[in-house]
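Shown next: protein_11.pdb, given as PDB, C-alpha atoms, pLDDT in the B column.
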```pdb
ATOM      1  CA  MET B   1      90.950 116.214 105.564  1.00 49.00           C
ATOM      2  CA  LYS B   2      89.065 113.311 107.062  1.00 46.00           C
ATOM      3  CA  ALA B   3      90.636 110.087 108.278  1.00 50.00           C
ATOM      4  CA  ALA B   4      87.915 108.058 106.523  1.00 48.00           C
ATOM      5  CA  SER B   5      88.659 109.659 103.143  1.00 48.00           C
ATOM      6  CA  GLY B   6      91.194 108.396 100.616  1.00 51.00           C
ATOM      7  CA  TYR B   7      94.192 110.453  99.521  1.00 48.00           C
ATOM      8  CA  GLN B   8      96.962 109.975  97.003  1.00 50.00           C
ATOM      9  CA  LEU B   9     100.565 111.016  97.521  1.00 50.00           C
ATOM     10  CA  VAL B  10     102.870 111.267  94.519  1.00 47.00           C
ATOM     11  CA  VAL B  11     106.589 111.017  95.282  1.00 51.00           C
ATOM     12  CA  GLU B  12     109.089 112.160  92.684  1.00 53.00           C
ATOM     13  CA  PRO B  13     112.876 111.879  92.917  1.00 54.00           C
ATOM     14  CA  GLY B  14     114.727 115.077  93.733  1.00 52.00           C
ATOM     15  CA  LYS B  15     118.146 116.181  92.604  1.00 47.00           C
ATOM     16  CA  SER B  16     121.111 115.071  94.703  1.00 47.00           C
ATOM     17  CA  GLY B  17     121.814 117.511  97.524  1.00 48.00           C
ATOM     18  CA  GLN B  18     118.712 119.543  96.688  1.00 45.00           C
ATOM     19  CA  GLN B  19     116.935 121.131  99.605  1.00 49.00           C
ATOM     20  CA  ALA B  20     113.279 120.585  98.780  1.00 46.00           C
ATOM     21  CA  TYR B  21     109.956 120.873 100.486  1.00 46.00           C
ATOM     22  CA  ARG B  22     106.769 119.372  99.198  1.00 44.00           C
ATOM     23  CA  GLN B  23     103.240 119.896 100.357  1.00 45.00           C
ATOM     24  CA  THR B  24     102.548 117.373 103.075  1.00 49.00           C
ATOM     25  CA  ALA B  25      99.247 116.408 104.566  1.00 49.00           C
ATOM     26  CA  SER B  26      98.593 118.571 107.610  1.00 53.00           C
ATOM     27  CA  GLN B  27      95.967 116.684 109.548  1.00 51.00           C
ATOM     28  CA  PRO B  28      93.814 118.976 111.680  1.00 50.00           C
ATOM     29  CA  THR B  29      92.697 117.263 114.866  1.00 52.00           C
ATOM     30  CA  ASP B  30      90.829 118.461 117.919  1.00 54.00           C
ATOM     31  CA  ASN B  31      94.256 118.848 119.514  1.00 71.00           C
ATOM     32  CA  GLY B  32      95.993 120.764 116.725  1.00 89.00           C
ATOM     33  CA  ILE B  33      97.645 120.120 113.375  1.00 95.00           C
ATOM     34  CA  ARG B  34      99.554 116.873 113.031  1.00 94.00           C
ATOM     35  CA  VAL B  35     102.185 116.202 110.358  1.00 95.00           C
ATOM     36  CA  GLU B  36     103.613 112.699 109.914  1.00 96.00           C
ATOM     37  CA  ALA B  37     107.428 112.713 109.693  1.00 95.00           C
ATOM     38  CA  GLU B  38     107.416 110.264 106.776  1.00 95.00           C
ATOM     39  CA  ASP B  39     105.392 112.743 104.682  1.00 95.00           C
ATOM     40  CA  GLY B  40     108.384 115.072 104.450  1.00 95.00           C
ATOM     41  CA  THR B  41     111.170 115.166 101.888  1.00 96.00           C
ATOM     42  CA  LEU B  42     114.138 113.250 103.289  1.00 95.00           C
ATOM     43  CA  SER B  43     117.862 113.816 102.736  1.00 94.00           C
ATOM     44  CA  GLY B  44     121.054 112.052 103.797  1.00 93.00           C
ATOM     45  CA  ASN B  45     120.440 108.524 105.034  1.00 91.00           C
ATOM     46  CA  TYR B  46     117.016 109.161 106.546  1.00 93.00           C
ATOM     47  CA  THR B  47     114.432 106.793 105.157  1.00 93.00           C
ATOM     48  CA  ALA B  48     110.758 105.975 105.740  1.00 94.00           C
ATOM     49  CA  ILE B  49     110.388 102.729 107.693  1.00 91.00           C
ATOM     50  CA  SER B  50     107.328 100.585 108.297  1.00 89.00           C
ATOM     51  CA  GLY B  51     106.535  99.949 111.948  1.00 82.00           C
ATOM     52  CA  SER B  52     103.289  98.945 113.619  1.00 75.00           C
ATOM     53  CA  TYR B  53     104.042 100.997 116.745  1.00 80.00           C
ATOM     54  CA  ALA B  54     104.288 104.248 114.763  1.00 85.00           C
ATOM     55  CA  SER B  55     101.261 106.372 114.001  1.00 85.00           C
ATOM     56  CA  GLY B  56     100.187 105.639 110.458  1.00 82.00           C
ATOM     57  CA  ASN B  57     102.473 102.553 110.653  1.00 87.00           C
ATOM     58  CA  MET B  58     105.431 104.597 109.310  1.00 92.00           C
ATOM     59  CA  PHE B  59     108.256 106.679 110.782  1.00 93.00           C
ATOM     60  CA  ILE B  60     111.648 107.959 109.655  1.00 94.00           C
ATOM     61  CA  GLY B  61     115.011 106.728 110.815  1.00 92.00           C
ATOM     62  CA  ALA B  62     118.525 105.954 109.700  1.00 87.00           C
ATOM     63  CA  LYS B  63     119.884 102.566 108.680  1.00 77.00           C
ATOM     64  CA  ASP B  64     121.535 100.912 111.686  1.00 77.00           C
ATOM     65  CA  HIS B  65     120.547 104.016 113.701  1.00 78.00           C
ATOM     66  CA  GLN B  66     123.633 105.857 112.402  1.00 82.00           C
ATOM     67  CA  VAL B  67     122.795 109.251 110.898  1.00 81.00           C
ATOM     68  CA  THR B  68     125.083 110.961 108.436  1.00 82.00           C
ATOM     69  CA  ALA B  69     125.725 114.685 108.090  1.00 76.00           C
ATOM     70  CA  GLY B  70     122.924 116.333 106.138  1.00 79.00           C
ATOM     71  CA  SER B  71     120.251 113.820 107.170  1.00 93.00           C
ATOM     72  CA  ALA B  72     117.129 115.953 107.405  1.00 95.00           C
ATOM     73  CA  ASP B  73     113.353 115.907 107.156  1.00 96.00           C
ATOM     74  CA  PHE B  74     111.803 118.825 105.235  1.00 97.00           C
ATOM     75  CA  LEU B  75     108.139 119.195 106.206  1.00 97.00           C
ATOM     76  CA  THR B  76     105.414 121.531 105.068  1.00 96.00           C
ATOM     77  CA  VAL B  77     102.614 122.417 107.450  1.00 96.00           C
ATOM     78  CA  LYS B  78      99.610 124.558 106.619  1.00 95.00           C
ATOM     79  CA  VAL B  79      97.987 126.441 109.477  1.00 95.00           C
ATOM     80  CA  PRO B  80      94.689 128.366 109.395  1.00 94.00           C
ATOM     81  CA  LYS B  81      95.972 131.419 111.268  1.00 94.00           C
ATOM     82  CA  ALA B  82      99.223 133.015 112.308  1.00 96.00           C
ATOM     83  CA  GLY B  83     100.207 132.630 115.923  1.00 96.00           C
ATOM     84  CA  HIS B  84     102.086 130.684 118.523  1.00 96.00           C
ATOM     85  CA  TYR B  85     101.833 126.899 118.558  1.00 97.00           C
ATOM     86  CA  LEU B  86     102.905 124.427 121.225  1.00 97.00           C
ATOM     87  CA  THR B  87     104.994 121.828 119.396  1.00 97.00           C
ATOM     88  CA  THR B  88     105.124 118.157 120.379  1.00 96.00           C
ATOM     89  CA  ILE B  89     107.320 115.586 118.611  1.00 96.00           C
ATOM     90  CA  GLY B  90     106.636 111.841 118.703  1.00 95.00           C
ATOM     91  CA  TYR B  91     109.880 109.856 118.568  1.00 95.00           C
ATOM     92  CA  ALA B  92     111.836 106.837 119.764  1.00 92.00           C
ATOM     93  CA  ASN B  93     115.504 106.620 120.712  1.00 91.00           C
ATOM     94  CA  GLY B  94     117.147 103.388 121.807  1.00 88.00           C
ATOM     95  CA  GLY B  95     120.622 104.917 122.020  1.00 89.00           C
ATOM     96  CA  ALA B  96     122.453 107.923 123.426  1.00 92.00           C
ATOM     97  CA  THR B  97     120.725 111.296 123.639  1.00 94.00           C
ATOM     98  CA  ALA B  98     120.241 112.665 120.122  1.00 93.00           C
ATOM     99  CA  THR B  99     119.997 116.298 119.020  1.00 94.00           C
ATOM    100  CA  ALA B 100     118.699 117.944 115.880  1.00 95.00           C
ATOM    101  CA  ASN B 101     118.759 121.438 114.454  1.00 96.00           C
ATOM    102  CA  VAL B 102     115.291 122.845 113.794  1.00 97.00           C
ATOM    103  CA  SER B 103     114.400 125.703 111.465  1.00 97.00           C
ATOM    104  CA  ILE B 104     111.030 127.168 110.586  1.00 97.00           C
ATOM    105  CA  ASN B 105     110.629 129.195 107.403  1.00 97.00           C
ATOM    106  CA  GLY B 106     114.422 129.432 107.162  1.00 96.00           C
ATOM    107  CA  HIS B 107     114.896 130.747 110.722  1.00 97.00           C
ATOM    108  CA  SER B 108     116.931 128.663 113.172  1.00 96.00           C
ATOM    109  CA  GLN B 109     115.159 127.604 116.347  1.00 96.00           C
ATOM    110  CA  LYS B 110     116.482 125.941 119.488  1.00 96.00           C
ATOM    111  CA  ALA B 111     117.902 122.438 119.062  1.00 96.00           C
ATOM    112  CA  ALA B 112     115.582 119.484 119.660  1.00 96.00           C
ATOM    113  CA  VAL B 113     116.858 117.039 122.298  1.00 96.00           C
ATOM    114  CA  PHE B 114     115.674 113.416 122.080  1.00 95.00           C
ATOM    115  CA  GLU B 115     116.346 111.551 125.331  1.00 94.00           C
ATOM    116  CA  ASN B 116     116.673 107.751 125.438  1.00 91.00           C
ATOM    117  CA  THR B 117     113.285 105.987 125.385  1.00 88.00           C
ATOM    118  CA  THR B 118     114.624 102.486 126.247  1.00 85.00           C
ATOM    119  CA  GLY B 119     114.158 101.195 122.696  1.00 85.00           C
ATOM    120  CA  TRP B 120     113.455 101.830 119.034  1.00 84.00           C
ATOM    121  CA  MET B 121     110.105 102.202 117.270  1.00 83.00           C
ATOM    122  CA  THR B 122     110.283  98.632 115.947  1.00 77.00           C
ATOM    123  CA  ALA B 123     111.154  97.028 119.304  1.00 67.00           C
ATOM    124  CA  VAL B 124     109.263  93.750 119.667  1.00 64.00           C
ATOM    125  CA  PRO B 125     107.636  93.392 122.031  1.00 62.00           C
ATOM    126  CA  ASN B 126     107.088  97.079 122.629  1.00 61.00           C
ATOM    127  CA  VAL B 127     106.430  96.570 126.343  1.00 61.00           C
ATOM    128  CA  HIS B 128     108.181  99.731 127.482  1.00 62.00           C
ATOM    129  CA  GLY B 129     106.241 102.025 125.154  1.00 61.00           C
ATOM    130  CA  THR B 130     109.417 103.067 123.398  1.00 75.00           C
ATOM    131  CA  ARG B 131     107.650 105.758 121.342  1.00 82.00           C
ATOM    132  CA  GLN B 132     107.512 108.852 123.507  1.00 89.00           C
ATOM    133  CA  THR B 133     106.610 112.480 123.023  1.00 92.00           C
ATOM    134  CA  MET B 134     108.846 115.468 123.578  1.00 93.00           C
ATOM    135  CA  GLN B 135     107.465 118.921 124.320  1.00 95.00           C
ATOM    136  CA  TYR B 136     109.625 120.974 121.971  1.00 96.00           C
ATOM    137  CA  GLY B 137     107.982 124.241 122.999  1.00 94.00           C
ATOM    138  CA  ASP B 138     106.383 127.366 121.566  1.00 96.00           C
ATOM    139  CA  VAL B 139     106.975 128.220 117.906  1.00 97.00           C
ATOM    140  CA  SER B 140     105.607 131.036 115.777  1.00 97.00           C
ATOM    141  CA  LEU B 141     103.904 130.042 112.511  1.00 97.00           C
ATOM    142  CA  LYS B 142     102.517 132.267 109.779  1.00 97.00           C
ATOM    143  CA  LYS B 143      99.084 131.795 108.248  1.00 96.00           C
ATOM    144  CA  GLY B 144      99.200 129.329 105.356  1.00 96.00           C
ATOM    145  CA  VAL B 145     102.220 127.254 104.364  1.00 97.00           C
ATOM    146  CA  ASN B 146     105.185 126.941 106.741  1.00 97.00           C
ATOM    147  CA  HIS B 147     108.434 125.038 106.083  1.00 98.00           C
ATOM    148  CA  VAL B 148     109.900 123.019 108.951  1.00 97.00           C
ATOM    149  CA  LYS B 149     113.338 121.388 108.752  1.00 97.00           C
ATOM    150  CA  ILE B 150     114.633 118.897 111.310  1.00 96.00           C
ATOM    151  CA  GLU B 151     118.298 118.049 110.680  1.00 95.00           C
ATOM    152  CA  ALA B 152     120.159 115.403 112.683  1.00 94.00           C
ATOM    153  CA  LEU B 153     123.072 116.835 114.637  1.00 93.00           C
ATOM    154  CA  THR B 154     124.279 114.155 117.059  1.00 90.00           C
ATOM    155  CA  ASN B 155     123.329 110.487 117.327  1.00 89.00           C
ATOM    156  CA  SER B 156     120.033 109.191 115.984  1.00 86.00           C
ATOM    157  CA  ALA B 157     116.365 109.347 116.903  1.00 92.00           C
ATOM    158  CA  GLU B 158     113.426 107.920 114.979  1.00 93.00           C
ATOM    159  CA  LEU B 159     110.781 110.554 114.194  1.00 95.00           C
ATOM    160  CA  ASP B 160     107.076 109.694 114.067  1.00 95.00           C
ATOM    161  CA  TYR B 161     105.129 112.970 113.877  1.00 95.00           C
ATOM    162  CA  ILE B 162     104.968 116.633 114.867  1.00 96.00           C
ATOM    163  CA  LEU B 163     101.864 118.131 116.473  1.00 96.00           C
ATOM    164  CA  PHE B 164     101.250 121.905 116.431  1.00 97.00           C
ATOM    165  CA  THR B 165      98.627 123.004 118.977  1.00 96.00           C
ATOM    166  CA  PRO B 166      97.481 126.649 118.902  1.00 95.00           C
ATOM    167  CA  ILE B 167      98.236 128.565 122.084  1.00 92.00           C
ATOM    168  CA  LYS B 168      95.266 130.729 122.958  1.00 81.00           C
TER
END
```

Using structure tokens, write down the structure that the file contains.
Amino acid sequence: MKAASGYQLVVEPGKSGQQAYRQTASQPTDNGIRVEAEDGTLSGNYTAISGSYASGNMFIGAKDHQVTAGSADFLTVKVPKAGHYLTTIGYANGGATATANVSINGHSQKAAVFENTTGWMTAVPNVHGTRQTMQYGDVSLKKGVNHVKIEALTNSAELDYILFTPIK
């Protein structure tokens, strides 16, 4: 995929409570494979929100920063070869430390911890650089399509993107 090219994304409603994944745009970069959080299938009260400080001008969050049980982002990432990938998550968190359960291809991983970043993605002015990155760590991905689920556990963080960088 090339940033200068045009792409079309078709969004169709899912069934209530359905756990679904759809093919999302995995954007290869010189630094790895980047997946925008808003490209995933959302459940609970997560929603895609427009914000000029987010990459691609979109991110996901919860109304009034209050997540409900079952709020999750189901992402699909396609990688060219199996291996270990350093995982970085772009996020903002203007409240208390937030945590999320993470699973890859149906296997539970360690919880993601989103520390306070002094503000939310839409903070105006964004003088503190409220969008930060968190080094989630090393994950194992298979060649081809991988399913990643990030499910809110405590409090709320706004998710911008996930970057998977191959570990050589």

> Residues picked by the PyMOL selection byres ((chain B and resi 103-107) around 7) here, as an NGL selection string?
Replying inline: :B and (101-102 or 108-109 or 146-150)

>> Env of Asn45 in chain B: 12 Å cut, atoms = all atoms listed in the file, seq-sep filter 4 positions within chain, self excluded. Answer as a PyMOL selection string.
In response: chain B and resi 17+41+49+60-73+151-152+156

> What do you get, as JSON, numbers by chain, if you spell out every residue that the PyMOL selection byres ((chain B and resi 36) around 8) selects here?
Replying inline: {"B": [25, 34, 35, 37, 38, 39, 40, 55, 56, 59, 160, 161, 162]}

> If you measure from CA of Thr47 in chain B to CA of Thr118 in chain B, what distance in Å do you get, rounded to one decimal?
Replying inline: 21.5 Å

>> On this structure, the PyMOL selection byres ((chain B and resi 129-144) around 7) would catch which residues? List them as a PyMOL selection string, sorted by chain and number.
In response: chain B and resi 78-92+112+117-121+126-128+145-146

Would you mind exporting the chosen residues as a PDB file, keeping the file's coordinate frame, restricted to C-alpha atoms?
```
ATOM      1  CA  LYS B  78      99.610 124.558 106.619  1.00 95.00           C
ATOM      2  CA  VAL B  79      97.987 126.441 109.477  1.00 95.00           C
ATOM      3  CA  PRO B  80      94.689 128.366 109.395  1.00 94.00           C
ATOM      4  CA  LYS B  81      95.972 131.419 111.268  1.00 94.00           C
ATOM      5  CA  ALA B  82      99.223 133.015 112.308  1.00 96.00           C
ATOM      6  CA  GLY B  83     100.207 132.630 115.923  1.00 96.00           C
ATOM      7  CA  HIS B  84     102.086 130.684 118.523  1.00 96.00           C
ATOM      8  CA  TYR B  85     101.833 126.899 118.558  1.00 97.00           C
ATOM      9  CA  LEU B  86     102.905 124.427 121.225  1.00 97.00           C
ATOM     10  CA  THR B  87     104.994 121.828 119.396  1.00 97.00           C
ATOM     11  CA  THR B  88     105.124 118.157 120.379  1.00 96.00           C
ATOM     12  CA  ILE B  89     107.320 115.586 118.611  1.00 96.00           C
ATOM     13  CA  GLY B  90     106.636 111.841 118.703  1.00 95.00           C
ATOM     14  CA  TYR B  91     109.880 109.856 118.568  1.00 95.00           C
ATOM     15  CA  ALA B  92     111.836 106.837 119.764  1.00 92.00           C
ATOM     16  CA  ALA B 112     115.582 119.484 119.660  1.00 96.00           C
ATOM     17  CA  THR B 117     113.285 105.987 125.385  1.00 88.00           C
ATOM     18  CA  THR B 118     114.624 102.486 126.247  1.00 85.00           C
ATOM     19  CA  GLY B 119     114.158 101.195 122.696  1.00 85.00           C
ATOM     20  CA  TRP B 120     113.455 101.830 119.034  1.00 84.00           C
ATOM     21  CA  MET B 121     110.105 102.202 117.270  1.00 83.00           C
ATOM     22  CA  ASN B 126     107.088  97.079 122.629  1.00 61.00           C
ATOM     23  CA  VAL B 127     106.430  96.570 126.343  1.00 61.00           C
ATOM     24  CA  HIS B 128     108.181  99.731 127.482  1.00 62.00           C
ATOM     25  CA  VAL B 145     102.220 127.254 104.364  1.00 97.00           C
ATOM     26  CA  ASN B 146     105.185 126.941 106.741  1.00 97.00           C
TER      27      ASN B 146
END
```

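The nearest approach to Leu163 in chain B among the residues B:Val77, B:Thr99, B:Ser52, B:Gly44, with only C-alpha atoms taken into account, belongs to B:Val77.
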
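Counting all atoms listed in the file, the residue from B:Asn31, B:Ser50, B:Thr76, B:Asn116 that sits nearest to Asn155 in chain B is B:Asn116.
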
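Between CA of Tyr46 in chain B and CA of Lys110 in chain B lies a distance of 21.2 Å.
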
>> Would you compute the distance between CA of Met58 in chain B and CA of Ser43 in chain B? Give it in Å to one decimal.
In response: 16.8 Å
